[in-house]
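Written out below as structure tokens is the structure these notes cover.
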Amino acid sequence: MRLEAVLLPAFAPDEILEAVEAIAAAAPFRHMITPGGFRMSVAMTNCGPLGWVSDRKGYRYSPVDPETGRPWPAMPEAFLRLANEAAAAANFPAFVPDACLINRYASGAKMSLHQDKDEKDFSQPIVSVSLGLPAVFLFGGPSRKDPVKRIALEHGDVVVWGGPARLFYHGVMPLKEGARPYRFNLTFRRAG
Ligand code: MD3
Ligand code: FE
């Protein structure tokens, strides 16, 4: 059986957050601009061979950080292992991501309902890892009009989105203040 969205509670080890800090030292978090000219409330960076970027020209994957012209930091071995093991637990064996987008939410930051469709192969799942402050995740359906479910995502939770769910609309409610400054979300993708 091929499951569509699989939640693995507290699956991510705490060391992942330390690796995020090292990546951000080489490729700092920045607020990208949407093609429509809006500054995103979520700050982003990437690691791995490809990174997701947005500017006035559109959304795309780039092998270099547009802020520095240099390649994104390498994907840590622990990231590859975590993504691969999570995908395998959801019956997607041999998942090897080539992109890891790292989102940083301060209180009030949100992500509007959208689909992830800038990747080449939708048969590959997306693995998401939540760290830090909790968030309310919105999970809809294949059409923007479909009703949305609210799912609480906590520190360490990993979700694998595959099959039809891969193209479902989703978003994140404005983050509430909490005991830590940020929520981080890592999304592992096969982009190229
Ligand atoms: C369901 N990030 O970066 S992760 C994104 O919490 C994004 O930062 C959110 O949506 C965040 O694009 C949600 C969970 C997630 C990621 C990708 C999906 C759920 C998904 C793709 C298809 C369906
Ligand atoms: Fe998304």
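By order of appearance in the structure tokens: chains A, B, ..., then residues from 1 within every chain, and ligands from 1 in the order shown.
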
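All residues, whether protein, DNA or RNA, that have an atom at most 8 Å from ligand 2 (counting only C-alpha atoms and all ligand atoms) are His114, Gln115, Asp116, Tyr169, His170 and Gly171 of chain A.
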
Selection export as a short mmCIF file (atom, residue, chain, number, x, y, z; two decimals), in the first residue's frame, atoms kept: N, CA, C and O atoms:
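Contents of the output file result_11.cif:
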```cif
data_model
loop_
_atom_site.label_atom_id
_atom_site.label_comp_id
_atom_site.auth_asym_id
_atom_site.auth_seq_id
_atom_site.Cartn_x
_atom_site.Cartn_y
_atom_site.Cartn_z
N HIS A 114 -1.17 27.27 -1.22
CA HIS A 114 -0.47 27.14 -2.50
C HIS A 114 -0.24 25.67 -2.82
O HIS A 114 -0.43 24.81 -1.96
N GLN A 115 0.18 25.40 -4.05
CA GLN A 115 0.64 24.07 -4.44
C GLN A 115 2.15 24.14 -4.67
O GLN A 115 2.66 25.18 -5.08
N ASP A 116 2.84 23.03 -4.47
CA ASP A 116 4.27 22.95 -4.82
C ASP A 116 4.36 22.28 -6.18
O ASP A 116 4.19 21.07 -6.29
N TYR A 169 -3.36 21.54 -2.18
CA TYR A 169 -3.14 22.88 -1.62
C TYR A 169 -2.82 22.78 -0.13
O TYR A 169 -3.36 21.93 0.58
N HIS A 170 -1.93 23.66 0.32
CA HIS A 170 -1.54 23.66 1.73
C HIS A 170 -1.00 25.03 2.11
O HIS A 170 -0.63 25.82 1.23
N GLY A 171 -0.94 25.28 3.41
CA GLY A 171 -0.44 26.56 3.91
C GLY A 171 -0.20 26.47 5.40
O GLY A 171 -0.34 25.41 6.01
#
```

List every residue of segment 101-192 of chain A that has an atom at most 9 Å from any atom of segment 57-64 of chain A, and for each one report the closest atom pair and its distance in Å to one decimal, counting only C-alpha atoms, with rows sorted by chain and then by increasing residue number, as a tab-separated table.
```
residue	atom	partner	partner_atom	distance
A:Asp118	CA	A:Arg60	CA	6.3
A:Glu119	CA	A:Tyr61	CA	8.1
A:Ala191	CA	A:Tyr61	CA	7.3
A:Gly192	CA	A:Tyr61	CA	8.1
```

Within 8 Å of Ala152 of chain A using only C-alpha atoms, minus same-chain residues under 5 positions, as a VMD selection string: chain A and resid 134 to 137

Near-Asn185 of chain A list (8 Å; only C-alpha atoms; drop same-chain fewer than 6 positions) as a PyMOL selection string: chain A and resi 102-104+128-131

Non-local contacts of Gly162 of chain A (7 Å; only C-alpha atoms; under 3 positions in same chain excluded) as a count of residues only: 7

Helix (DSSP H, G or I) positions in segment 56-166 of chain A, given as a list in words: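 For segment 56-166 of chain A, the helix (DSSP H, G or I) set is Glu77, Ala78, Phe79, Leu80, Arg81, Leu82, Ala83, Asn84, Glu85, Ala86, Ala87, Ala88, Ala89, Gly163, Pro164, Ala165 and Arg166 of chain A.
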
Counting only C-alpha atoms and all ligand atoms, the residue of A:Lys176, A:Arg70, A:Arg189, A:His31 that sits nearest ligand 1: A:Arg189

Contacts of Val127 of chain A at 6 Å (only C-alpha atoms; same-chain gap of 4+ positions) as a list in words: Val159, Val160, Thr187 and Phe188 of chain A

Quick one: write out the picked residues with N, CA and C atoms as an mmCIF file, in the first residue's frame?
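Once written, selection35.cif looks like this:
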```
data_model
loop_
_atom_site.group_PDB
_atom_site.id
_atom_site.type_symbol
_atom_site.label_atom_id
_atom_site.label_comp_id
_atom_site.auth_asym_id
_atom_site.auth_seq_id
_atom_site.Cartn_x
_atom_site.Cartn_y
_atom_site.Cartn_z
ATOM 1 N N VAL A 159 6.592 14.929 8.152
ATOM 2 C CA VAL A 159 5.466 14.482 7.328
ATOM 3 C C VAL A 159 5.967 14.170 5.926
ATOM 4 N N VAL A 160 5.492 13.059 5.390
ATOM 5 C CA VAL A 160 5.816 12.665 4.017
ATOM 6 C C VAL A 160 4.554 12.844 3.172
ATOM 7 N N THR A 187 11.872 21.429 3.917
ATOM 8 C CA THR A 187 11.186 20.573 2.945
ATOM 9 C C THR A 187 12.223 19.990 1.994
ATOM 10 N N PHE A 188 12.249 18.669 1.983
ATOM 11 C CA PHE A 188 13.171 17.943 1.106
ATOM 12 C C PHE A 188 12.441 17.577 -0.171
#
```

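Between atom CA of Gly51 of chain A and atom 18 (C, counted along the ligand's line) of ligand 1 the interatomic distance comes to 15.7 Å.
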
Proximity to ligand 1 - best of A:Leu50, A:Val20, A:Ala86, A:Ala43, only C-alpha atoms and all ligand atoms: A:Ala43

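Residue nearest Ala74 of chain A within the list A:Glu177, A:Asp98, A:Asp121, A:Glu18: A:Asp98 [criterion: smallest interatomic distance, only C-alpha atoms].
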
Polymer residues at most 12 Å from Pro28 of chain A, only C-alpha atoms, same-chain spacing of 2 or more positions, as a list in words: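 My list of contacting residues is Val20, Glu21, Ala22, Ile23, Ala24, Ala25, Ala26, Arg30, His31, Met32, Ala43, Met44, Thr45, Asn46, Cys47, Asp65, Pro66, Glu67, Thr68, Trp72, Pro73, Ile102, Asn103 and Arg104 of chain A.
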
Could you save those same residues with C-alpha atoms as a PDB file, in the first residue's frame?
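The file below, again_12.pdb, is the result:
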```
ATOM      1  CA  VAL A  20      20.393  24.671  10.217  1.00  0.00           C
ATOM      2  CA  GLU A  21      22.432  27.298  12.083  1.00  0.00           C
ATOM      3  CA  ALA A  22      25.603  26.268  10.226  1.00  0.00           C
ATOM      4  CA  ILE A  23      23.807  26.493   6.859  1.00  0.00           C
ATOM      5  CA  ALA A  24      22.407  29.925   7.730  1.00  0.00           C
ATOM      6  CA  ALA A  25      25.914  31.159   8.574  1.00  0.00           C
ATOM      7  CA  ALA A  26      26.962  30.448   4.947  1.00  0.00           C
ATOM      8  CA  ARG A  30      16.323  36.271   3.584  1.00  0.00           C
ATOM      9  CA  HIS A  31      12.800  37.433   2.768  1.00  0.00           C
ATOM     10  CA  MET A  32      12.273  36.718  -0.910  1.00  0.00           C
ATOM     11  CA  ALA A  43      12.504  33.977   5.704  1.00  0.00           C
ATOM     12  CA  MET A  44      14.204  31.295   3.603  1.00  0.00           C
ATOM     13  CA  THR A  45      17.489  29.662   2.715  1.00  0.00           C
ATOM     14  CA  ASN A  46      18.461  26.365   1.072  1.00  0.00           C
ATOM     15  CA  CYS A  47      21.024  23.612   1.074  1.00  0.00           C
ATOM     16  CA  ASP A  65      22.421  31.524  -4.046  1.00  0.00           C
ATOM     17  CA  PRO A  66      21.411  34.703  -5.904  1.00  0.00           C
ATOM     18  CA  GLU A  67      22.643  36.798  -2.931  1.00  0.00           C
ATOM     19  CA  THR A  68      26.235  35.549  -3.234  1.00  0.00           C
ATOM     20  CA  TRP A  72      24.116  26.587  -1.770  1.00  0.00           C
ATOM     21  CA  PRO A  73      25.743  24.870   1.251  1.00  0.00           C
ATOM     22  CA  ILE A 102      14.529  25.902   4.919  1.00  0.00           C
ATOM     23  CA  ASN A 103      11.709  28.200   6.048  1.00  0.00           C
ATOM     24  CA  ARG A 104      11.982  30.370   9.168  1.00  0.00           C
TER      25      ARG A 104
END
```

Backbone DSSP call of strand (DSSP E or B) for segment 41-187 of chain A, listed as number ranges by chain: A: 43-47, 50-55, 58-62, 64, 71, 99-105, 111-114, 126-132, 135-139, 149-153, 158-161, 170-172, 183-187

Nearest-residue call for Arg183 of chain A, choices A:Ile33, A:Val96, A:Ala89, A:Val42, using only C-alpha atoms: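 Selected residue with least distance to Arg183 of chain A: A:Val42.
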